[in-house]
file entry.csv (CSV, C-alpha atoms and all ligand atoms)
chain,number,residue,atom,x,y,z
A,1,MET,CA,20.0,-14.5,9.2
A,2,THR,CA,16.2,-14.7,9.5
A,3,SER,CA,14.2,-12.9,6.8
A,4,PRO,CA,12.4,-9.7,7.8
A,5,TRP,CA,9.6,-10.6,5.4
A,6,PRO,CA,6.5,-12.9,5.7
A,7,LYS,CA,6.8,-16.1,3.6
A,8,GLN,CA,3.6,-15.4,1.7
A,9,VAL,CA,1.4,-12.5,1.0
A,10,VAL,CA,-2.2,-12.2,-0.3
A,11,LEU,CA,-2.6,-9.5,-3.0
A,12,CYS,CA,-6.0,-8.2,-4.1
A,13,ASP,CA,-6.2,-6.6,-7.5
A,14,VAL,CA,-8.6,-3.7,-7.3
A,15,SER,CA,-8.1,-2.5,-10.9
A,16,PRO,CA,-11.6,-3.5,-12.1
A,17,ARG,CA,-13.1,-1.3,-9.4
A,18,ASP,CA,-10.7,1.4,-8.1
A,19,GLY,CA,-9.0,1.4,-11.5
A,20,LEU,CA,-11.8,1.6,-13.9
A,21,GLN,CA,-13.9,4.0,-11.8
A,22,ASN,CA,-11.3,6.6,-12.5
A,23,GLU,CA,-11.1,6.1,-16.2
A,24,CYS,CA,-12.7,8.6,-18.6
A,25,LYS,CA,-13.2,6.0,-21.3
A,26,ALA,CA,-16.2,3.8,-20.7
A,27,VAL,CA,-15.1,0.2,-20.6
A,28,GLY,CA,-17.7,-2.3,-21.8
A,29,THR,CA,-18.9,-5.2,-19.6
A,30,PRO,CA,-17.3,-7.9,-21.9
A,31,GLN,CA,-13.9,-6.1,-21.6
A,32,LYS,CA,-14.3,-6.0,-17.8
A,33,ILE,CA,-15.1,-9.7,-17.7
A,34,ALA,CA,-12.0,-10.4,-19.8
A,35,LEU,CA,-9.9,-8.3,-17.4
A,36,VAL,CA,-11.2,-10.3,-14.4
A,37,GLN,CA,-10.7,-13.6,-16.1
A,38,GLY,CA,-7.2,-12.6,-17.1
A,39,LEU,CA,-6.4,-11.7,-13.5
A,40,MET,CA,-7.7,-15.1,-12.4
A,41,HIS,CA,-5.6,-16.8,-15.0
A,42,ALA,CA,-2.6,-15.0,-13.7
A,43,GLY,CA,-3.3,-16.5,-10.2
A,44,LEU,CA,-4.7,-13.5,-8.3
A,45,PRO,CA,-6.1,-14.9,-5.1
A,46,ARG,CA,-8.5,-11.9,-4.6
A,47,ILE,CA,-10.0,-9.5,-7.1
A,48,GLU,CA,-12.2,-6.4,-6.2
A,49,VAL,CA,-14.5,-6.8,-9.2
A,50,THR,CA,-16.8,-3.8,-8.9
A,51,SER,CA,-18.9,-1.6,-6.6
A,52,PHE,CA,-22.6,-1.6,-5.9
A,53,VAL,CA,-22.9,2.2,-5.6
A,54,SER,CA,-25.2,4.8,-7.0
A,55,PRO,CA,-24.8,4.8,-10.8
A,56,LYS,CA,-25.3,8.6,-10.6
A,57,ALA,CA,-22.2,8.8,-8.4
A,58,ILE,CA,-20.0,6.3,-10.4
A,59,PRO,CA,-21.5,5.6,-13.8
A,60,GLN,CA,-18.5,3.4,-14.7
A,61,MET,CA,-19.8,0.8,-12.2
A,62,ALA,CA,-23.5,0.8,-13.3
A,63,ASP,CA,-23.0,-2.7,-14.8
A,64,ALA,CA,-22.0,-4.4,-11.5
A,65,HIS,CA,-24.7,-7.0,-11.7
A,66,GLU,CA,-24.1,-8.1,-15.3
A,67,LEU,CA,-20.3,-8.1,-14.7
A,68,MET,CA,-20.6,-10.4,-11.6
A,69,GLN,CA,-23.0,-12.7,-13.5
A,70,GLY,CA,-20.6,-12.9,-16.5
A,71,ILE,CA,-17.6,-14.2,-14.6
A,72,THR,CA,-16.7,-17.8,-14.6
A,73,ARG,CA,-15.5,-18.4,-11.0
A,74,LYS,CA,-12.2,-20.1,-10.3
A,75,PRO,CA,-11.6,-22.0,-7.0
A,76,GLY,CA,-9.1,-20.1,-4.9
A,77,ALA,CA,-9.9,-16.7,-6.4
A,78,GLU,CA,-12.1,-14.7,-4.1
A,79,LEU,CA,-14.4,-12.0,-5.6
A,80,VAL,CA,-14.8,-8.9,-3.5
A,81,VAL,CA,-17.3,-6.1,-4.2
A,82,LEU,CA,-17.4,-2.6,-2.6
A,83,VAL,CA,-20.6,-1.5,-0.9
A,84,PRO,CA,-21.5,1.9,0.7
A,85,ASN,CA,-25.0,1.1,2.1
A,86,LEU,CA,-27.8,-1.4,2.5
A,87,LYS,CA,-29.1,-1.0,-1.0
A,88,GLY,CA,-25.6,-1.8,-2.3
A,89,ALA,CA,-25.4,-4.8,0.0
A,90,GLU,CA,-28.7,-6.2,-1.2
A,91,ARG,CA,-27.8,-5.8,-4.8
A,92,ALA,CA,-24.4,-7.3,-4.2
A,93,LEU,CA,-25.7,-10.4,-2.3
A,94,ALA,CA,-27.8,-11.3,-5.3
A,95,CYS,CA,-24.5,-11.9,-7.1
A,96,ALA,CA,-23.0,-14.1,-4.4
A,97,PRO,CA,-19.6,-12.4,-3.9
A,98,ASP,CA,-17.1,-14.0,-1.5
A,99,GLU,CA,-16.8,-10.8,0.5
A,100,LEU,CA,-18.3,-7.3,0.9
A,101,ASN,CA,-15.9,-4.4,1.2
A,102,LEU,CA,-17.9,-1.8,3.2
A,103,VAL,CA,-16.6,1.7,2.6
A,104,MET,CA,-16.6,4.8,4.8
A,105,SER,CA,-14.3,7.8,5.1
A,106,VAL,CA,-12.7,8.8,8.4
A,107,THR,CA,-12.8,12.5,7.5
A,108,GLY,CA,-16.0,14.6,7.4
A,109,SER,CA,-15.1,16.4,4.2
A,110,HIS,CA,-14.2,13.4,2.1
A,111,SER,CA,-17.2,11.5,3.5
A,112,GLN,CA,-19.6,14.2,2.4
A,113,ALA,CA,-17.9,14.5,-1.1
A,114,ASN,CA,-17.8,10.8,-1.7
A,115,LEU,CA,-20.8,9.4,0.2
A,116,ARG,CA,-22.9,12.4,1.0
A,117,MET,CA,-22.9,11.3,4.7
A,118,THR,CA,-21.0,12.2,7.8
A,119,PRO,CA,-18.7,9.5,9.1
A,120,GLU,CA,-21.2,8.9,11.9
A,121,GLN,CA,-24.0,8.4,9.5
A,122,SER,CA,-21.9,6.1,7.4
A,123,PHE,CA,-21.1,4.1,10.5
A,124,GLU,CA,-24.7,3.7,11.4
A,125,THR,CA,-25.5,2.7,7.8
A,126,LEU,CA,-22.7,0.1,7.8
A,127,ARG,CA,-23.7,-1.2,11.2
A,128,GLU,CA,-27.1,-2.0,9.8
A,129,VAL,CA,-25.4,-3.7,6.8
A,130,ILE,CA,-23.2,-5.7,9.1
A,131,THR,CA,-26.1,-6.8,11.3
A,132,GLN,CA,-28.1,-7.9,8.3
A,133,THR,CA,-25.4,-9.7,6.3
A,134,ARG,CA,-22.7,-11.1,8.7
A,135,GLU,CA,-24.3,-14.6,8.7
A,136,LYS,CA,-24.3,-14.7,4.9
A,137,VAL,CA,-20.9,-13.3,3.7
A,138,LYS,CA,-17.5,-12.2,4.9
A,139,LEU,CA,-17.2,-8.6,5.7
A,140,ASN,CA,-14.3,-6.1,5.3
A,141,VAL,CA,-14.4,-2.4,6.1
A,142,SER,CA,-12.3,0.1,4.1
A,143,LEU,CA,-11.4,3.3,5.9
A,144,SER,CA,-10.8,6.0,3.3
A,145,CYS,CA,-8.3,8.8,4.0
A,146,SER,CA,-6.7,6.8,6.9
A,147,PHE,CA,-3.3,8.6,6.3
A,148,GLY,CA,-4.5,11.9,5.0
A,149,CYS,CA,-7.4,13.8,3.4
A,150,PRO,CA,-7.3,16.0,0.3
A,151,PHE,CA,-9.6,18.5,2.1
A,152,GLU,CA,-8.4,18.3,5.7
A,153,GLY,CA,-4.7,17.4,5.3
A,154,HIS,CA,-3.0,15.2,7.9
A,155,VAL,CA,-5.2,12.7,9.7
A,156,GLN,CA,-4.4,11.8,13.3
A,157,ALA,CA,-4.1,8.1,14.1
A,158,GLU,CA,-6.8,8.4,16.7
A,159,GLN,CA,-9.3,9.4,14.1
A,160,VAL,CA,-8.7,6.0,12.4
A,161,LEU,CA,-8.5,4.0,15.6
A,162,HIS,CA,-11.8,5.2,16.8
A,163,TRP,CA,-13.5,3.5,13.8
A,164,VAL,CA,-11.3,0.4,14.0
A,165,ARG,CA,-12.5,-0.1,17.6
A,166,GLN,CA,-16.2,0.2,16.6
A,167,PHE,CA,-15.9,-2.2,13.6
A,168,ASN,CA,-13.8,-4.7,15.5
A,169,ALA,CA,-16.5,-4.8,18.2
A,170,LEU,CA,-19.1,-5.6,15.4
A,171,GLY,CA,-17.0,-8.7,14.5
A,172,VAL,CA,-15.9,-7.9,10.9
A,173,THR,CA,-13.2,-10.1,9.3
A,174,GLY,CA,-10.9,-7.3,8.3
A,175,ILE,CA,-10.1,-3.7,8.0
A,176,SER,CA,-8.4,-1.8,5.1
A,177,LEU,CA,-6.4,1.2,5.9
A,178,CYS,CA,-6.7,3.2,2.7
A,179,ASP,CA,-4.3,5.9,1.6
A,180,THR,CA,-6.9,7.4,-0.8
A,181,THR,CA,-4.7,10.2,-2.2
A,182,GLY,CA,-1.1,8.9,-1.6
A,183,MET,CA,-0.3,10.8,1.5
A,184,ALA,CA,1.1,8.0,3.6
A,185,TYR,CA,4.8,7.7,4.4
A,186,PRO,CA,6.7,4.7,5.8
A,187,SER,CA,7.0,5.7,9.5
A,188,GLN,CA,3.4,6.7,9.6
A,189,VAL,CA,2.4,3.4,8.1
A,190,ARG,CA,4.4,1.5,10.7
A,191,GLU,CA,2.9,3.5,13.6
A,192,LEU,CA,-0.7,3.2,12.5
A,193,VAL,CA,-0.3,-0.6,11.7
A,194,GLU,CA,1.3,-1.2,15.1
A,195,MET,CA,-1.5,0.7,16.9
A,196,VAL,CA,-4.2,-1.2,15.0
A,197,GLN,CA,-2.5,-4.5,15.8
A,198,SER,CA,-2.3,-3.8,19.5
A,199,LEU,CA,-6.0,-2.6,19.5
A,200,ALA,CA,-7.3,-5.6,17.5
A,201,PRO,CA,-4.8,-8.4,17.4
A,202,THR,CA,-7.0,-10.8,15.5
A,203,LEU,CA,-8.3,-8.4,12.9
A,204,ARG,CA,-7.0,-8.9,9.4
A,205,ILE,CA,-5.3,-5.7,8.2
A,206,THR,CA,-5.1,-4.8,4.5
A,207,LEU,CA,-3.1,-1.9,3.3
A,208,HIS,CA,-4.4,0.1,0.3
A,209,PHE,CA,-1.9,2.6,-1.1
A,210,HIS,CA,-2.0,5.0,-3.9
A,211,ASN,CA,1.3,6.0,-5.5
A,212,SER,CA,0.4,9.7,-6.0
A,213,ARG,CA,3.7,10.9,-4.4
A,214,GLY,CA,5.9,7.9,-5.3
A,215,LEU,CA,5.9,6.3,-1.9
A,216,GLY,CA,3.7,3.4,-2.7
A,217,LEU,CA,6.2,0.6,-2.8
A,218,ALA,CA,8.2,2.0,0.2
A,219,ASN,CA,4.9,1.9,2.1
A,220,VAL,CA,4.2,-1.6,1.1
A,221,PHE,CA,7.6,-2.8,2.3
A,222,GLU,CA,7.1,-0.9,5.6
A,223,GLY,CA,3.8,-2.7,6.0
A,224,LEU,CA,5.5,-6.0,5.3
A,225,ARG,CA,8.1,-5.3,7.9
A,226,ALA,CA,5.3,-4.6,10.4
A,227,GLY,CA,3.8,-8.0,9.7
A,228,VAL,CA,1.0,-7.1,7.3
A,229,THR,CA,0.3,-9.8,4.7
A,230,HIS,CA,-2.6,-8.4,2.8
A,231,PHE,CA,-2.3,-5.6,0.2
A,232,ASP,CA,-4.5,-4.0,-2.5
A,233,ALA,CA,-2.9,-2.9,-5.8
A,234,CYS,CA,-4.0,-2.2,-9.4
A,235,THR,CA,-2.6,-3.9,-12.5
A,236,GLY,CA,-1.0,-1.1,-14.6
A,237,GLY,CA,-1.0,1.2,-11.6
A,238,ILE,CA,-4.4,2.7,-12.6
A,239,GLY,CA,-6.9,4.0,-10.2
A,240,GLY,CA,-8.2,6.7,-8.0
A,241,CYS,CA,-11.3,8.2,-6.3
A,242,PRO,CA,-13.2,10.6,-8.5
A,243,TYR,CA,-14.3,12.4,-5.3
A,244,ALA,CA,-10.8,13.0,-3.9
A,245,PRO,CA,-8.9,15.8,-5.8
A,246,GLY,CA,-5.4,14.7,-6.7
A,247,ALA,CA,-6.1,11.0,-6.3
A,248,SER,CA,-4.0,9.1,-8.8
A,249,GLY,CA,-3.0,5.5,-9.5
A,250,ASN,CA,-2.9,2.7,-6.9
A,251,VAL,CA,0.4,1.0,-6.3
A,252,CYS,CA,1.1,-1.1,-9.4
A,253,MET,CA,0.3,-4.8,-9.0
A,254,GLU,CA,3.0,-6.2,-11.3
A,255,ASP,CA,5.7,-4.0,-9.8
A,256,ILE,CA,4.8,-5.3,-6.3
A,257,VAL,CA,4.6,-8.9,-7.5
A,258,HIS,CA,8.1,-8.5,-9.1
A,259,ALA,CA,9.5,-6.9,-6.0
A,260,LEU,CA,8.0,-9.5,-3.7
A,261,HIS,CA,9.3,-12.4,-5.8
A,262,CYS,CA,12.8,-10.8,-5.8
A,263,GLU,CA,12.6,-11.1,-2.0
A,264,GLY,CA,11.5,-14.7,-2.2
A,265,ILE,CA,8.0,-13.9,-0.9
A,266,GLU,CA,5.3,-16.1,-2.4
A,267,THR,CA,2.2,-14.6,-4.0
A,268,GLY,CA,0.9,-17.5,-6.1
A,269,ILE,CA,0.9,-15.1,-9.1
A,270,ASN,CA,2.4,-15.8,-12.5
A,271,LEU,CA,4.2,-12.6,-13.3
A,272,GLU,CA,4.5,-13.2,-17.1
A,273,ARG,CA,0.7,-13.7,-17.3
A,274,LEU,CA,0.1,-10.6,-15.2
A,275,LEU,CA,2.4,-8.6,-17.5
A,276,GLN,CA,0.3,-9.7,-20.4
A,277,VAL,CA,-2.9,-8.5,-18.6
A,278,SER,CA,-1.2,-5.2,-18.0
A,279,LYS,CA,-0.2,-4.8,-21.7
A,280,ASP,CA,-3.8,-5.7,-22.7
A,281,LEU,CA,-5.2,-3.2,-20.2
A,282,GLY,CA,-2.9,-0.4,-21.7
A,283,GLU,CA,-4.3,-1.2,-25.2
A,284,LEU,CA,-7.8,-1.2,-23.9
A,285,LEU,CA,-7.5,2.2,-22.1
A,286,GLU,CA,-5.5,3.7,-24.9
A,287,HIS,CA,-3.0,5.6,-22.6
A,288,PRO,CA,0.3,4.7,-21.1
A,289,LEU,CA,0.1,3.0,-17.7
A,290,SER,CA,2.3,3.9,-14.8
A,291,GLY,CA,3.8,0.5,-14.0
A,292,GLN,CA,7.5,0.0,-14.6
A,293,VAL,CA,8.2,-3.7,-14.9
A,294,VAL,CA,5.9,-3.9,-17.9
A,295,TYR,CA,8.4,-1.7,-19.8
A,296,ALA,CA,11.7,-2.8,-18.3
A,297,GLY,CA,10.8,-6.4,-18.0
A,298,PRO,CA,11.7,-8.5,-14.9
A,299,ARG,CA,15.3,-8.3,-13.6
A,300,SER,CA,15.9,-11.7,-15.2
A,301,ARG,CA,15.7,-10.0,-18.7
A,302,THR,CA,19.0,-9.8,-20.5
A,303,TYR,CA,20.1,-8.4,-23.8
A,304,ALA,CA,22.7,-9.4,-26.3
A,305,VAL,CA,25.7,-7.0,-26.3
A,306,LYS,CA,25.9,-7.1,-30.1
A,307,ASP,CA,22.4,-5.7,-30.4
A,308,VAL,CA,23.4,-2.6,-28.3
A,309,ALA,CA,26.6,-2.1,-30.2
A,310,ARG,CA,24.8,-2.2,-33.5
A,311,GLN,CA,22.3,0.4,-32.3
A,312,ALA,CA,25.1,2.7,-31.1
A,313,SER,CA,27.1,2.6,-34.3
B,401,LIG,N1,-26.8,1.2,-5.6
B,401,LIG,C1,-27.6,1.8,-6.5
B,401,LIG,N2,-28.4,2.9,-6.4
B,401,LIG,C2,-28.3,3.4,-5.1
B,401,LIG,C3,-27.5,2.9,-4.1
B,401,LIG,C4,-26.7,1.8,-4.4
B,401,LIG,N3,-25.9,1.3,-3.5
B,401,LIG,N4,-27.6,3.7,-3.0
B,401,LIG,C5,-28.5,4.7,-3.4
B,401,LIG,N5,-28.9,4.5,-4.6
B,401,LIG,C6,-29.9,5.3,-5.4
B,401,LIG,C7,-31.2,5.5,-4.7
B,401,LIG,O1,-32.1,4.5,-5.0
B,401,LIG,C8,-31.7,6.8,-5.3
B,401,LIG,O2,-32.1,6.6,-6.6
B,401,LIG,P1,-33.3,7.5,-7.3
B,401,LIG,O3,-32.7,8.9,-7.4
B,401,LIG,O4,-33.5,6.9,-8.6
B,401,LIG,O5,-34.4,7.4,-6.3
B,401,LIG,C9,-30.4,7.6,-5.5
B,401,LIG,O6,-29.3,6.7,-5.5
B,401,LIG,C10,-30.1,8.6,-4.3
B,401,LIG,O7,-30.2,7.8,-3.1
B,401,LIG,P2,-29.6,8.4,-1.7
B,401,LIG,O8,-29.8,7.3,-0.7
B,401,LIG,O9,-30.3,9.7,-1.4
B,401,LIG,O10,-28.1,8.5,-2.0
B,401,LIG,P3,-27.2,9.8,-2.1
B,401,LIG,O11,-27.5,10.6,-3.4
B,401,LIG,O12,-27.2,10.6,-0.9
B,401,LIG,O13,-25.8,9.1,-2.4
B,401,LIG,C11,-24.4,7.2,-2.0
B,401,LIG,C12,-25.2,8.3,-1.4
B,401,LIG,C13,-23.6,6.5,-0.9
B,401,LIG,C14,-25.4,6.2,-2.6
B,401,LIG,C15,-23.6,7.7,-3.2
B,401,LIG,O14,-22.9,8.9,-2.8
B,401,LIG,C16,-22.6,6.7,-3.7
B,401,LIG,O15,-22.9,5.7,-4.3
B,401,LIG,N6,-21.3,7.0,-3.5
B,401,LIG,C17,-20.2,6.0,-3.9
B,401,LIG,C18,-19.0,6.8,-4.3
B,401,LIG,C19,-17.9,5.9,-4.7
B,401,LIG,O16,-18.1,4.7,-5.1
B,401,LIG,N7,-16.7,6.4,-4.6
B,401,LIG,C20,-15.5,5.6,-4.9
B,401,LIG,C21,-15.2,4.5,-4.1
B,401,LIG,S1,-14.7,4.9,-2.5
B,402,ZN,ZN,-8.2,3.5,-3.7
call {"tool": "encode", "arguments": {"input": "entry.csv", "output": "structure tokens"}}
result
Amino acid sequence: MTSPWPKQVVLCDVSPRDGLQNECKAVGTPQKIALVQGLMHAGLPRIEVTSFVSPKAIPQMADAHELMQGITRKPGAELVVLVPNLKGAERALACAPDELNLVMSVTGSHSQANLRMTPEQSFETLREVITQTREKVKLNVSLSCSFGCPFEGHVQAEQVLHWVRQFNALGVTGISLCDTTGMAYPSQVRELVEMVQSLAPTLRITLHFHNSRGLGLANVFEGLRAGVTHFDACTGGIGGCPYAPGASGNVCMEDIVHALHCEGIETGINLERLLQVSKDLGELLEHPLSGQVVYAGPRSRTYAVKDVARQAS
């Protein structure tokens, strides 16, 4: 029987950016550097390190420059940074990231709340960024609220495809379909992915899910089934957009890695090391994280019967 899964997937850990932007506790730059280095040590092939956004909008990312400068690069680990406008792109390029992740929202209400622009203004802003930077760096575009909006509810596929067409014509490397507040469900994922694939067959698709309604891992597997090989996730399942009411944690990186390895899908990630990063992150943030494998252990974990018997007596 042939496997329904790809042989290998590329996971991007977005916990230093999507994760820490949603934490109340201010995390210092040295601790962020340690998190990024820990993720590299665990074998993450891509890490979204930070965002070059207005420090008034997201104070947690105000140290983007120092953070990028403090990281010791590792071959094979790509560093991605999120950018909303030209000022962000200029600040980012000074730190030599491997890729810019340009962000816009497909719904007017979330776009205004998050970026203080209409989607059309955002597109014009990003078009300028693309024109000025495409010779210098790889470019990805993240489309927030691709599966639903906390203000406008369900989002029609055409509302997403419209922007995919525009950005594909500008020659970007990839597009991320972002489920900003965990509204996606598996058949919706499959339909949207198939539509994007037929519209832009050579465009790299990344799926970015939040687990707000418990459908994260189901959506990842539906994406895999549709042939997607790039996914974002957060170690410890942290994360969320401060300008999207109800946004909660991204799908949990170590739970995905565990699930993929169970299916024989290669990630290049050392699960034991990643679990240690998750434990350290939980201690740093001083609250329980939402991942499950970090508590249960991998399915290879076994116990001695005598230990259970002693506890029960
Ligand atoms: N990096 C740093 N500062 C920036 C910036 C950037 N990328 N873009 C704008 N600024 C500064 C301006 O220089 C200006 O500073 P000043 O008040 O000291 O003069 C101030 O921010 C306002 O600039 P303006 O262009 O009017 O921006 P705005 O207030 O309309 O906000 C964004 C627009 C896009 C900059 C802001 O909404 C933002 O950064 N949003 C990001 C939200 C986010 O990251 N959400 C989660 C991830 S999806
Ligand atoms: Zn997100």
call {"tool": "residues_near_ligand", "arguments": {"input": "entry.csv", "ligand": "ligand ZN 402 (chain B)", "cutoff": "9 Å", "atoms": "only C-alpha atoms and all ligand atoms", "output": "list in words"}}
result
Val14, Arg17, Asp18, Gly19, Ser144, Cys178, Asp179, Thr180, Thr181, His208, Phe209, His210, Asp232, Ala233, Gly239, Gly240, Cys241, Ala247, Ser248, Gly249 and Asn250 of chain A
call {"tool": "residues_near_ligand", "arguments": {"input": "entry.csv", "ligand": "ligand LIG 401 (chain B)", "cutoff": "9 Å", "atoms": "all atoms listed in the file", "output": "JSON, numbers by chain"}}
result
{"A": [17, 18, 21, 22, 51, 52, 53, 54, 55, 56, 57, 58, 61, 62, 82, 83, 84, 85, 86, 87, 88, 89, 90, 91, 92, 103, 104, 105, 111, 112, 113, 114, 115, 116, 117, 122, 142, 144, 180, 240, 241, 242, 243, 244]}
call {"tool": "closest_residue", "arguments": {"input": "entry.csv", "among": "A:Glu48, A:Pro4, A:Cys12, A:Val155", "to": "Ile256 in chain A", "atoms": "all atoms listed in the file"}}
result
A:Cys12
call {"tool": "closest_residue", "arguments": {"input": "entry.csv", "among": "A:Glu254, A:Ser187, A:Gly43, A:Asn140", "to": "Ile205 in chain A", "atoms": "only C-alpha atoms"}}
result
A:Asn140
call {"tool": "closest_residue", "arguments": {"input": "entry.csv", "among": "A:Thr131, A:Pro201, A:Glu194, A:Pro186", "to": "Ala218 in chain A", "atoms": "all atoms listed in the file"}}
result
A:Pro186
call {"tool": "atom_distance", "arguments": {"input": "entry.csv", "atom1": "CA of Val137 in chain A", "atom2": "CA of Val81 in chain A"}}
result
11.3 Å
call {"tool": "residues_around", "arguments": {"input": "entry.csv", "residues": "Gly227 in chain A", "least_positions_apart": "6", "cutoff": "9 Å", "atoms": "only C-alpha atoms", "output": "ChimeraX atom specification"}}
result
/A:4-6,193
call {"tool": "closest_residue", "arguments": {"input": "entry.csv", "among": "A:Thr235, A:Thr206, A:Ser198, A:Ser146", "to": "Val160 in chain A", "atoms": "all atoms listed in the file"}}
result
A:Ser146
call {"tool": "atom_distance", "arguments": {"input": "entry.csv", "atom1": "CA of Lys136 in chain A", "atom2": "CA of Thr72 in chain A"}}
result
21.2 Å
call {"tool": "atom_distance", "arguments": {"input": "entry.csv", "atom1": "CA of Phe151 in chain A", "atom2": "CA of Arg127 in chain A"}}
result
25.9 Å
call {"tool": "residues_around", "arguments": {"input": "entry.csv", "residues": "Gln69 in chain A", "least_positions_apart": "5", "cutoff": "10 Å", "atoms": "all atoms listed in the file", "output": "PyMOL selection string"}}
result
chain A and resi 33+64+94-96
call {"tool": "residues_around", "arguments": {"input": "entry.csv", "residues": "Gly216 in chain A", "least_positions_apart": "2", "cutoff": "9 Å", "atoms": "all atoms listed in the file", "output": "list in words"}}
result
Gly182, Ala184, Tyr185, Phe209, His210, Asn211, Ser212, Arg213, Gly214, Ala218, Asn219, Val220, Phe221, Asn250, Val251 and Cys252 of chain A
call {"tool": "closest_atom_pairs", "arguments": {"input": "entry.csv", "of": "range 6-120 of chain A", "to": "range 260-272 of chain A", "cutoff": "9 Å", "atoms": "all atoms listed in the file", "output": "CSV"}}
result
residue,atom,partner,partner_atom,distance
A:Pro6,CA,A:Ile265,CA,6.8
A:Lys7,CA,A:Ile265,CA,5.2
A:Gln8,CA,A:Glu266,CA,4.5
A:Val9,CA,A:Thr267,CA,5.5
A:Val10,CA,A:Thr267,CA,6.2
A:Leu11,CA,A:Thr267,CA,7.1
A:His41,CA,A:Asn270,CA,8.4
A:Ala42,CA,A:Asn270,CA,5.2
A:Gly43,CA,A:Ile269,CA,4.6
A:Leu44,CA,A:Ile269,CA,5.9
A:Pro45,CA,A:Gly268,CA,7.5
call {"tool": "residues_near_point", "arguments": {"input": "entry.csv", "point": "(-16.9, -0.8, -21.5)", "cutoff": "10 Å", "atoms": "only C-alpha atoms", "output": "list of chain:residue names"}}
result
A:Leu20, A:Lys25, A:Ala26, A:Val27, A:Gly28, A:Thr29, A:Pro30, A:Gln31, A:Lys32, A:Ile33, A:Gln60, A:Met61, A:Asp63, A:Leu284, A:Leu285
call {"tool": "residues_near_point", "arguments": {"input": "entry.csv", "point": "(-6.1, -0.8, 15.6)", "cutoff": "12 Å", "atoms": "only C-alpha atoms", "output": "PDB file with C-alpha atoms, keeping the file's coordinate frame"}}
result
ATOM      1  CA  LEU A 143     -11.400   3.300   5.900  1.00  0.00           C
ATOM      2  CA  SER A 146      -6.700   6.800   6.900  1.00  0.00           C
ATOM      3  CA  ALA A 157      -4.100   8.100  14.100  1.00  0.00           C
ATOM      4  CA  GLU A 158      -6.800   8.400  16.700  1.00  0.00           C
ATOM      5  CA  GLN A 159      -9.300   9.400  14.100  1.00  0.00           C
ATOM      6  CA  VAL A 160      -8.700   6.000  12.400  1.00  0.00           C
ATOM      7  CA  LEU A 161      -8.500   4.000  15.600  1.00  0.00           C
ATOM      8  CA  HIS A 162     -11.800   5.200  16.800  1.00  0.00           C
ATOM      9  CA  TRP A 163     -13.500   3.500  13.800  1.00  0.00           C
ATOM     10  CA  VAL A 164     -11.300   0.400  14.000  1.00  0.00           C
ATOM     11  CA  ARG A 165     -12.500  -0.100  17.600  1.00  0.00           C
ATOM     12  CA  GLN A 166     -16.200   0.200  16.600  1.00  0.00           C
ATOM     13  CA  PHE A 167     -15.900  -2.200  13.600  1.00  0.00           C
ATOM     14  CA  ASN A 168     -13.800  -4.700  15.500  1.00  0.00           C
ATOM     15  CA  ALA A 169     -16.500  -4.800  18.200  1.00  0.00           C
ATOM     16  CA  GLY A 174     -10.900  -7.300   8.300  1.00  0.00           C
ATOM     17  CA  ILE A 175     -10.100  -3.700   8.000  1.00  0.00           C
ATOM     18  CA  SER A 176      -8.400  -1.800   5.100  1.00  0.00           C
ATOM     19  CA  LEU A 177      -6.400   1.200   5.900  1.00  0.00           C
ATOM     20  CA  ARG A 190       4.400   1.500  10.700  1.00  0.00           C
ATOM     21  CA  GLU A 191       2.900   3.500  13.600  1.00  0.00           C
ATOM     22  CA  LEU A 192      -0.700   3.200  12.500  1.00  0.00           C
ATOM     23  CA  VAL A 193      -0.300  -0.600  11.700  1.00  0.00           C
ATOM     24  CA  GLU A 194       1.300  -1.200  15.100  1.00  0.00           C
ATOM     25  CA  MET A 195      -1.500   0.700  16.900  1.00  0.00           C
ATOM     26  CA  VAL A 196      -4.200  -1.200  15.000  1.00  0.00           C
ATOM     27  CA  GLN A 197      -2.500  -4.500  15.800  1.00  0.00           C
ATOM     28  CA  SER A 198      -2.300  -3.800  19.500  1.00  0.00           C
ATOM     29  CA  LEU A 199      -6.000  -2.600  19.500  1.00  0.00           C
ATOM     30  CA  ALA A 200      -7.300  -5.600  17.500  1.00  0.00           C
ATOM     31  CA  PRO A 201      -4.800  -8.400  17.400  1.00  0.00           C
ATOM     32  CA  THR A 202      -7.000 -10.800  15.500  1.00  0.00           C
ATOM     33  CA  LEU A 203      -8.300  -8.400  12.900  1.00  0.00           C
ATOM     34  CA  ARG A 204      -7.000  -8.900   9.400  1.00  0.00           C
ATOM     35  CA  ILE A 205      -5.300  -5.700   8.200  1.00  0.00           C
ATOM     36  CA  THR A 206      -5.100  -4.800   4.500  1.00  0.00           C
TER      37      THR A 206
END
call {"tool": "residues_around", "arguments": {"input": "entry.csv", "residues": "Asp280 in chain A", "least_positions_apart": "3", "cutoff": "10 Å", "atoms": "only C-alpha atoms", "output": "ChimeraX atom specification"}}
result
/A:34-35,38,236,274-277,283-286
call {"tool": "residues_around", "arguments": {"input": "entry.csv", "residues": "range 78-80 of chain A", "least_positions_apart": "2", "cutoff": "6 Å", "atoms": "only C-alpha atoms", "output": "PyMOL selection string"}}
result
chain A and resi 46-48+97-100
call {"tool": "closest_residue", "arguments": {"input": "entry.csv", "among": "A:Ala304, A:Cys149, A:Val228, A:Val293", "to": "Ser109 in chain A", "atoms": "only C-alpha atoms"}}
result
A:Cys149
call {"tool": "closest_residue", "arguments": {"input": "entry.csv", "among": "A:Leu215, A:Val294, A:Leu126, A:Val106", "to": "Leu170 in chain A", "atoms": "all atoms listed in the file"}}
result
A:Leu126
